[in-house]
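Undergrad: This structure is in C-alpha cells; I'll ask about it shortly.
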Amino acid sequence: MATDTSGEHISPDKLEAAGMCVDSNGGAIGMPQLCPDWMGNQIFWLVITLVVIFLILSRVALPRIAAILAERQGTITNDLAEAENLKARAVEAEDAYNQALADARTEALRIAAEAKAEIQAELNVAIEKADAEIAAKAAESEKAIAGIRAGALDSIREVATDTAAEIVGALGGKSDASAIADAVEDRMKG
Amino acid sequence: MADEAHGAADEGGLVFHPMDQFIVKPLFGGDTVGLFTVTNVTLWMALAVLAIFALLVISTSKRAIVPGRGQSIAELAYGFIYKMVEDVAGKDATPYFPYIMTLFMFIVCSNFLGLLPMSFTTTSHIAVTAIMAMAVFLTVTVLGFVKHGVGFLSLFWISAAPLPLRPVLALIEIISYFVRPISHSIRLAGNMMAGHAVIKVFAGFAAVTLIAPVSVLAITAIYALEVLVSFIQAYVFAILTCVYLKDALHPHH
Amino acid sequence: MEGDIVQMGAYIGAGLACTGMGGAAVGVGHVVGNYLSGALRNPSAAAGQTATMFIGIAFSEALGIFSFLVALLLMFAV
C-alpha cells in the first residue's frame, strides 16, 4: 500500500536518527510490530508493568476482595442462622399458644361436666324427696281408706244383726243372738 | 497516531496508513528509542496500571457489604477469573490465581484502552504478547518438571491410544506443545492488530465523500466487534493459561 | 522493475493468504453452531461447556490469525 518498503527516498541522516522503522514523514516502514529497535523498550516496560500489577493485585486488591467476599458470606450465613433461630422461636410460640388453647378447652370441658354433675345431684335429691313425700301421702290416704272401709263393715254388721234380730222376733221366733251373729258373719264373708 | 498530512503529500487521493498507529514514539522529544526511553508504550501501560488500580483497589476501599457499582465490577472480575481457574485448572491451581489475574487484568485493560481514539494498543505488539506467552510457557514447563519430574513427559505419551500410534501421536503432541507460545502470543497480537488496522482502513475510505456514510457505519460496527474481541481475547488468553497450567499439574490424561 | 515484480508477487501472495481466514471463519462457525445445537438439546449442560467452546474457538481462530499474519508479513516485511 502506501508504505514504502524500498526506502529509497529517505535521506540517510533521517534514517539514522529515527532508526530503521520510521520514514522521514513519521510513517511506518513495514510492520512496527517487527521493528527490532523497539522491542527492548517494550519488553522492559512490560516487565515493570506486570510486576507492578502483580504486586498491586497480590498485596492489596485480591486479599481485600477475598476478605469482602468472605465477610459477605459470613454475614449471609449469620443472617440465615438468625432467621432460622427466629423461625424456631415463632414455632415455639405457636406451640405454646396451641398448648394453652388445648388446656383452656379441657378446663372448660371439666367445668361444664362438674356443673352438670352438680345439677344432676341436686335434681336427684329433689326427686327423691318428692318421691318420699308422695309415698307418705299415698300411705296416709291408704290408711284413711282402710279405716273408712272397716267402719263401714262394722256398721253393716250391726245393722244386719239388729235387723235380723228384729225380723226373727217379728216372725215369732226366739232370737238367739249368737246364731244371728254367726249367720251375719257368714253372709258378710260370702 | 498517524500523521495524516504526510501521506497526502506523498501520493494524494486515497491513502491508508493502517500501521502508523502501532509506531512506538518517545514521549519527551528525541528520536531514538532506547531500552529505558519513556515512550507511548510506557504511557499506555501506566494507564492500564492506573485503570487496574482504580478498578480493583480504589473501588473496593469502602469494603462495603452491599457493594456499589465499582466494587461489584471488582468482585465480578475476581469471581469470574477465580471460578475459571478452579473449573479449568483444578482446585490445586488456586495458588496461581494471582498470576492469571495479573495477565487477564493487564490484557483486558490494555485492550479496552487501545480502543480509545488516538490511543496506542500495547497488546497489539508481538514483543509484548510473546513475552507474556513465553513466561506462561516456561513457567508451566518448569512447574510440570518440578511437580512430576520425568513423569511430566507422560503428557506426550498418550496411554489411551494403541501402541503403534503412540510415537506418532507423541511427535504431534510435542510439536503442538512447542507451538503453544507462538499461537498463544500471535492470537492476541494478531486479533488486536487486525481489528485496529481494519478500523484504520475504513477510516481512510471516509475521505471519499460518496462512501463516507458507509465507511462510518462500518467503523461503528467493527468497533462494536472489537469491544467484544477485546474481552474475548483476554478471556481466551487467561483460559489457555489455565489449560496449560492444568497440563502441568495433571499431565496424565 | 525487478523490485516492482517482487512487490506485486508479495501483494498477490498476501491476498491469497487471506483466503485462509475464510477457513478459520468456517471453523469458528462450526464450533459455535455445534455448541448451540447441543446447548438447545440439553440446556442444563450448556453452562459447563462454555469455557470449552471458547478454547475451541481460540484454537480454530488462531489458524486464521496465522494466515492473516502471513499476509501482513508479505505486505510489510518482505
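The way I read the labels, and the way they are meant: chains A, B, ... in the order of the C-alpha cells, residue 1 as the first residue of every chain, and ligand 1 as the first ligand shown, with later ones counted on from there.
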Which parts of region 33-187 of chain B does DSSP call helix (DSSP H, G or I) when run on the backbone here, written out as number ranges by chain?
TA: B: 40-58, 69-89, 91-114, 122-124, 126-155, 163-187
Undergrad: Residues within 8 Å of Gly13 (chain C), please, as a PDB file with N, CA and C atoms, in the first residue's frame. Count only C-alpha atoms; anything in the same chain fewer than 3 positions from it doesn't count.
TA:
```pdb
ATOM      1  N   GLY C   9       4.267  -9.665  -6.565  1.00  0.00           N
ATOM      2  CA  GLY C   9       4.142 -11.036  -6.084  1.00  0.00           C
ATOM      3  C   GLY C   9       3.776 -11.087  -4.621  1.00  0.00           C
ATOM      4  N   ALA C  10       4.406 -10.212  -3.846  1.00  0.00           N
ATOM      5  CA  ALA C  10       4.118 -10.183  -2.411  1.00  0.00           C
ATOM      6  C   ALA C  10       2.656  -9.832  -2.170  1.00  0.00           C
ATOM      7  N   LEU C  16      -3.808 -14.018  -1.474  1.00  0.00           N
ATOM      8  CA  LEU C  16      -4.080 -15.450  -1.423  1.00  0.00           C
ATOM      9  C   LEU C  16      -4.048 -15.950   0.014  1.00  0.00           C
ATOM     10  N   ALA C  17      -3.109 -15.427   0.800  1.00  0.00           N
ATOM     11  CA  ALA C  17      -3.000 -15.885   2.188  1.00  0.00           C
ATOM     12  C   ALA C  17      -4.274 -15.578   2.949  1.00  0.00           C
ATOM     13  N   ALA C  71      -0.149 -12.795   5.510  1.00  0.00           N
ATOM     14  CA  ALA C  71      -0.498 -11.714   4.597  1.00  0.00           C
ATOM     15  C   ALA C  71       0.198 -10.420   4.998  1.00  0.00           C
ATOM     16  N   LEU C  74       3.880 -10.551   4.207  1.00  0.00           N
ATOM     17  CA  LEU C  74       4.146 -10.383   2.781  1.00  0.00           C
ATOM     18  C   LEU C  74       4.017  -8.923   2.376  1.00  0.00           C
TER      19      LEU C  74
END
```
Undergrad: Go through A:Ile134, A:Leu69, A:Val184, A:Val125 and flag the residue nearest Arg157 (chain A), using only C-alpha atoms for the distances.
TA: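 Ranking A:Ile134, A:Leu69, A:Val184, A:Val125 by distance to Arg157 (chain A), first place goes to A:Val184.
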Undergrad: Would you mind listing what lies within 12 Å of region 62-72 of chain B as a ChimeraX atom specification, with only C-alpha atoms counted and same-chain residues fewer than 5 positions away left out?
TA: /A:61,63-76 /B:51-57,77-80
Undergrad: Those same residues, written as a JSON list (two decimals), in the first residue's frame with N, CA and C atoms?
TA:
```
[["chain", "number", "residue", "atom", "x", "y", "z"],
["A", 61, "ALA", "N", -5.20, -5.83, 46.31],
["A", 61, "ALA", "CA", -6.55, -5.97, 45.75],
["A", 61, "ALA", "C", -7.17, -7.33, 46.04],
["A", 63, "PRO", "N", -6.42, -9.89, 48.23],
["A", 63, "PRO", "CA", -6.79, -10.21, 49.62],
["A", 63, "PRO", "C", -7.99, -9.41, 50.09],
["A", 64, "ARG", "N", -8.03, -8.13, 49.65],
["A", 64, "ARG", "CA", -9.15, -7.30, 50.11],
["A", 64, "ARG", "C", -10.48, -7.82, 49.56],
["A", 65, "ILE", "N", -10.49, -8.12, 48.25],
["A", 65, "ILE", "CA", -11.74, -8.60, 47.66],
["A", 65, "ILE", "C", -12.13, -9.94, 48.29],
["A", 66, "ALA", "N", -11.11, -10.80, 48.49],
["A", 66, "ALA", "CA", -11.41, -12.10, 49.12],
["A", 66, "ALA", "C", -12.01, -11.89, 50.51],
["A", 67, "ALA", "N", -11.43, -10.92, 51.25],
["A", 67, "ALA", "CA", -11.94, -10.64, 52.59],
["A", 67, "ALA", "C", -13.38, -10.14, 52.52],
["A", 68, "ILE", "N", -13.64, -9.25, 51.54],
["A", 68, "ILE", "CA", -15.01, -8.72, 51.41],
["A", 68, "ILE", "C", -15.98, -9.86, 51.11],
["A", 69, "LEU", "N", -15.58, -10.73, 50.18],
["A", 69, "LEU", "CA", -16.48, -11.82, 49.80],
["A", 69, "LEU", "C", -16.71, -12.76, 50.98],
["A", 70, "ALA", "N", -15.60, -13.05, 51.72],
["A", 70, "ALA", "CA", -15.73, -13.95, 52.87],
["A", 70, "ALA", "C", -16.64, -13.32, 53.93],
["A", 71, "GLU", "N", -16.42, -12.00, 54.11],
["A", 71, "GLU", "CA", -17.23, -11.31, 55.12],
["A", 71, "GLU", "C", -18.71, -11.35, 54.74],
["A", 72, "ARG", "N", -18.95, -11.12, 53.44],
["A", 72, "ARG", "CA", -20.35, -11.15, 53.00],
["A", 72, "ARG", "C", -20.94, -12.54, 53.21],
["A", 73, "GLN", "N", -20.11, -13.55, 52.86],
["A", 73, "GLN", "CA", -20.59, -14.92, 53.05],
["A", 73, "GLN", "C", -20.92, -15.17, 54.51],
["A", 74, "GLY", "N", -20.01, -14.66, 55.40],
["A", 74, "GLY", "CA", -20.24, -14.83, 56.84],
["A", 74, "GLY", "C", -21.51, -14.13, 57.27],
["A", 75, "THR", "N", -21.69, -12.89, 56.77],
["A", 75, "THR", "CA", -22.90, -12.15, 57.14],
["A", 75, "THR", "C", -24.14, -12.89, 56.69],
["A", 76, "ILE", "N", -24.08, -13.40, 55.46],
["A", 76, "ILE", "CA", -25.25, -14.11, 54.95],
["A", 76, "ILE", "C", -25.53, -15.33, 55.81],
["B", 51, "ALA", "N", -5.74, 2.10, 35.63],
["B", 51, "ALA", "CA", -7.11, 1.60, 35.48],
["B", 51, "ALA", "C", -7.34, 0.40, 36.40],
["B", 52, "ILE", "N", -6.35, -0.49, 36.44],
["B", 52, "ILE", "CA", -6.49, -1.66, 37.31],
["B", 52, "ILE", "C", -6.55, -1.22, 38.77],
["B", 53, "PHE", "N", -5.68, -0.25, 39.08],
["B", 53, "PHE", "CA", -5.66, 0.24, 40.47],
["B", 53, "PHE", "C", -7.03, 0.83, 40.84],
["B", 54, "ALA", "N", -7.57, 1.66, 39.93],
["B", 54, "ALA", "CA", -8.87, 2.28, 40.21],
["B", 54, "ALA", "C", -9.95, 1.23, 40.33],
["B", 55, "LEU", "N", -9.89, 0.24, 39.47],
["B", 55, "LEU", "CA", -10.97, -0.75, 39.42],
["B", 55, "LEU", "C", -10.94, -1.68, 40.62],
["B", 56, "LEU", "N", -9.74, -2.15, 40.96],
["B", 56, "LEU", "CA", -9.67, -3.21, 41.96],
["B", 56, "LEU", "C", -9.31, -2.70, 43.37],
["B", 57, "VAL", "N", -8.69, -1.52, 43.45],
["B", 57, "VAL", "CA", -8.25, -1.07, 44.77],
["B", 57, "VAL", "C", -9.11, 0.08, 45.27],
["B", 77, "ALA", "N", -15.07, -9.46, 38.48],
["B", 77, "ALA", "CA", -13.83, -9.88, 37.82],
["B", 77, "ALA", "C", -13.13, -10.94, 38.65],
["B", 78, "TYR", "N", -13.06, -10.70, 39.94],
["B", 78, "TYR", "CA", -12.42, -11.67, 40.84],
["B", 78, "TYR", "C", -13.10, -13.03, 40.76],
["B", 79, "GLY", "N", -14.43, -13.01, 40.91],
["B", 79, "GLY", "CA", -15.17, -14.27, 40.90],
["B", 79, "GLY", "C", -15.05, -14.98, 39.56],
["B", 80, "PHE", "N", -15.09, -14.21, 38.49],
["B", 80, "PHE", "CA", -15.02, -14.76, 37.13],
["B", 80, "PHE", "C", -13.71, -15.52, 36.93]]
```
Undergrad: For a quick test of understanding: name the residues of chain A lying within 6 Å of chain B when counting only C-alpha atoms, and present them as number ranges by chain.
TA: A: 18, 25, 27-28, 32-33, 39-41, 54, 61, 72
Undergrad: If we count only C-alpha atoms and set the cut-off at 9 Å, which residues sit around Val214 (chain B), ignoring sequence neighbours fewer than 5 positions away in its own chain? Please answer as a ChimeraX atom specification.
TA: /B:205-206,219
Undergrad: Counting only C-alpha atoms, give me one row per residue of chain C with an atom at most 10 Å from an atom of chain A, showing the shortest contact pair and its distance in Å to one decimal, sorted by chain then residue number, as CSV.
TA:
```
residue,atom,partner,partner_atom,distance
C:Gly3,CA,A:Ser6,CA,8.3
C:Asp4,CA,A:Ser6,CA,9.9
C:Gln7,CA,A:Thr5,CA,8.9
C:Tyr11,CA,A:Met1,CA,8.9
C:Leu72,CA,A:Met31,CA,7.8
C:Leu73,CA,A:Met31,CA,7.6
C:Leu74,CA,A:Gly30,CA,9.6
C:Met75,CA,A:Gly30,CA,7.7
C:Phe76,CA,A:Gly30,CA,4.1
C:Ala77,CA,A:Gly30,CA,5.1
C:Val78,CA,A:Thr5,CA,8.0
```
Undergrad: Just all heavy atoms for this one: save the residues we selected as a PDB file, in the first residue's frame.
TA:
```pdb
ATOM      1  N   GLY C   3      12.162  -4.982  -8.531  1.00  0.00           N
ATOM      2  CA  GLY C   3      11.530  -4.742  -7.232  1.00  0.00           C
ATOM      3  C   GLY C   3      10.022  -4.679  -7.352  1.00  0.00           C
ATOM      4  O   GLY C   3       9.300  -5.184  -6.498  1.00  0.00           O
ATOM      5  N   ASP C   4       9.546  -4.059  -8.422  1.00  0.00           N
ATOM      6  CA  ASP C   4       8.095  -3.962  -8.611  1.00  0.00           C
ATOM      7  C   ASP C   4       7.473  -5.341  -8.743  1.00  0.00           C
ATOM      8  O   ASP C   4       6.403  -5.612  -8.186  1.00  0.00           O
ATOM      9  CB  ASP C   4       7.790  -3.153  -9.869  1.00  0.00           C
ATOM     10  CG  ASP C   4       8.028  -1.681  -9.615  1.00  0.00           C
ATOM     11  OD1 ASP C   4       8.212  -1.346  -8.413  1.00  0.00           O
ATOM     12  OD2 ASP C   4       8.039  -0.903 -10.566  1.00  0.00           O
ATOM     13  N   GLN C   7       7.313  -6.920  -5.462  1.00  0.00           N
ATOM     14  CA  GLN C   7       6.235  -6.341  -4.661  1.00  0.00           C
ATOM     15  C   GLN C   7       4.868  -6.845  -5.118  1.00  0.00           C
ATOM     16  O   GLN C   7       4.006  -7.175  -4.303  1.00  0.00           O
ATOM     17  CB  GLN C   7       6.278  -4.827  -4.764  1.00  0.00           C
ATOM     18  CG  GLN C   7       5.568  -4.173  -3.600  1.00  0.00           C
ATOM     19  CD  GLN C   7       5.934  -2.722  -3.484  1.00  0.00           C
ATOM     20  OE1 GLN C   7       6.364  -2.100  -4.464  1.00  0.00           O
ATOM     21  NE2 GLN C   7       5.775  -2.173  -2.303  1.00  0.00           N
ATOM     22  N   TYR C  11       2.140  -8.850  -2.912  1.00  0.00           N
ATOM     23  CA  TYR C  11       0.750  -8.437  -2.694  1.00  0.00           C
ATOM     24  C   TYR C  11      -0.213  -9.532  -3.109  1.00  0.00           C
ATOM     25  O   TYR C  11      -1.221  -9.790  -2.435  1.00  0.00           O
ATOM     26  CB  TYR C  11       0.465  -7.142  -3.477  1.00  0.00           C
ATOM     27  CG  TYR C  11       1.024  -5.911  -2.797  1.00  0.00           C
ATOM     28  CD1 TYR C  11       0.892  -4.658  -3.375  1.00  0.00           C
ATOM     29  CD2 TYR C  11       1.692  -6.013  -1.574  1.00  0.00           C
ATOM     30  CE1 TYR C  11       1.413  -3.531  -2.765  1.00  0.00           C
ATOM     31  CE2 TYR C  11       2.227  -4.888  -0.966  1.00  0.00           C
ATOM     32  CZ  TYR C  11       2.080  -3.650  -1.563  1.00  0.00           C
ATOM     33  OH  TYR C  11       2.588  -2.543  -0.953  1.00  0.00           O
ATOM     34  N   LEU C  72       0.158 -10.113   6.266  1.00  0.00           N
ATOM     35  CA  LEU C  72       0.791  -8.876   6.732  1.00  0.00           C
ATOM     36  C   LEU C  72       2.295  -8.910   6.490  1.00  0.00           C
ATOM     37  O   LEU C  72       2.892  -7.905   6.062  1.00  0.00           O
ATOM     38  CB  LEU C  72       0.516  -8.692   8.230  1.00  0.00           C
ATOM     39  CG  LEU C  72      -0.857  -8.147   8.588  1.00  0.00           C
ATOM     40  CD1 LEU C  72      -0.985  -8.054  10.087  1.00  0.00           C
ATOM     41  CD2 LEU C  72      -1.067  -6.785   7.973  1.00  0.00           C
ATOM     42  N   LEU C  73       2.891 -10.067   6.758  1.00  0.00           N
ATOM     43  CA  LEU C  73       4.338 -10.173   6.563  1.00  0.00           C
ATOM     44  C   LEU C  73       4.683  -9.966   5.089  1.00  0.00           C
ATOM     45  O   LEU C  73       5.648  -9.275   4.761  1.00  0.00           O
ATOM     46  CB  LEU C  73       4.833 -11.542   7.041  1.00  0.00           C
ATOM     47  CG  LEU C  73       4.862 -11.745   8.548  1.00  0.00           C
ATOM     48  CD1 LEU C  73       5.218 -13.172   8.887  1.00  0.00           C
ATOM     49  CD2 LEU C  73       5.845 -10.791   9.191  1.00  0.00           C
ATOM     50  N   LEU C  74       3.880 -10.551   4.207  1.00  0.00           N
ATOM     51  CA  LEU C  74       4.146 -10.383   2.781  1.00  0.00           C
ATOM     52  C   LEU C  74       4.017  -8.923   2.376  1.00  0.00           C
ATOM     53  O   LEU C  74       4.784  -8.419   1.564  1.00  0.00           O
ATOM     54  CB  LEU C  74       3.173 -11.245   1.975  1.00  0.00           C
ATOM     55  CG  LEU C  74       3.469 -12.743   1.958  1.00  0.00           C
ATOM     56  CD1 LEU C  74       2.334 -13.483   1.312  1.00  0.00           C
ATOM     57  CD2 LEU C  74       4.770 -13.000   1.223  1.00  0.00           C
ATOM     58  N   MET C  75       3.038  -8.239   2.961  1.00  0.00           N
ATOM     59  CA  MET C  75       2.812  -6.848   2.557  1.00  0.00           C
ATOM     60  C   MET C  75       3.860  -5.910   3.126  1.00  0.00           C
ATOM     61  O   MET C  75       4.304  -4.983   2.456  1.00  0.00           O
ATOM     62  CB  MET C  75       1.428  -6.400   3.023  1.00  0.00           C
ATOM     63  CG  MET C  75       0.321  -6.850   2.106  1.00  0.00           C
ATOM     64  SD  MET C  75      -1.250  -6.470   2.825  1.00  0.00           S
ATOM     65  CE  MET C  75      -1.254  -4.702   2.656  1.00  0.00           C
ATOM     66  N   PHE C  76       4.211  -6.127   4.372  1.00  0.00           N
ATOM     67  CA  PHE C  76       5.005  -5.106   5.044  1.00  0.00           C
ATOM     68  C   PHE C  76       6.446  -5.516   5.316  1.00  0.00           C
ATOM     69  O   PHE C  76       7.295  -4.664   5.502  1.00  0.00           O
ATOM     70  CB  PHE C  76       4.348  -4.713   6.366  1.00  0.00           C
ATOM     71  CG  PHE C  76       3.026  -4.064   6.176  1.00  0.00           C
ATOM     72  CD1 PHE C  76       1.866  -4.678   6.566  1.00  0.00           C
ATOM     73  CD2 PHE C  76       2.943  -2.820   5.576  1.00  0.00           C
ATOM     74  CE1 PHE C  76       0.639  -4.088   6.386  1.00  0.00           C
ATOM     75  CE2 PHE C  76       1.722  -2.222   5.386  1.00  0.00           C
ATOM     76  CZ  PHE C  76       0.560  -2.851   5.785  1.00  0.00           C
ATOM     77  N   ALA C  77       6.701  -6.798   5.410  1.00  0.00           N
ATOM     78  CA  ALA C  77       8.013  -7.194   5.888  1.00  0.00           C
ATOM     79  C   ALA C  77       8.876  -7.830   4.797  1.00  0.00           C
ATOM     80  O   ALA C  77      10.062  -8.014   4.998  1.00  0.00           O
ATOM     81  CB  ALA C  77       7.869  -8.168   7.046  1.00  0.00           C
ATOM     82  N   VAL C  78       8.302  -8.176   3.653  1.00  0.00           N
ATOM     83  CA  VAL C  78       9.138  -8.794   2.614  1.00  0.00           C
ATOM     84  C   VAL C  78       9.795  -7.699   1.778  1.00  0.00           C
ATOM     85  O   VAL C  78       9.093  -6.823   1.314  1.00  0.00           O
ATOM     86  CB  VAL C  78       8.282  -9.729   1.739  1.00  0.00           C
ATOM     87  CG1 VAL C  78       9.093 -10.230   0.563  1.00  0.00           C
ATOM     88  CG2 VAL C  78       7.801 -10.891   2.587  1.00  0.00           C
TER      89      VAL C  78
END
```
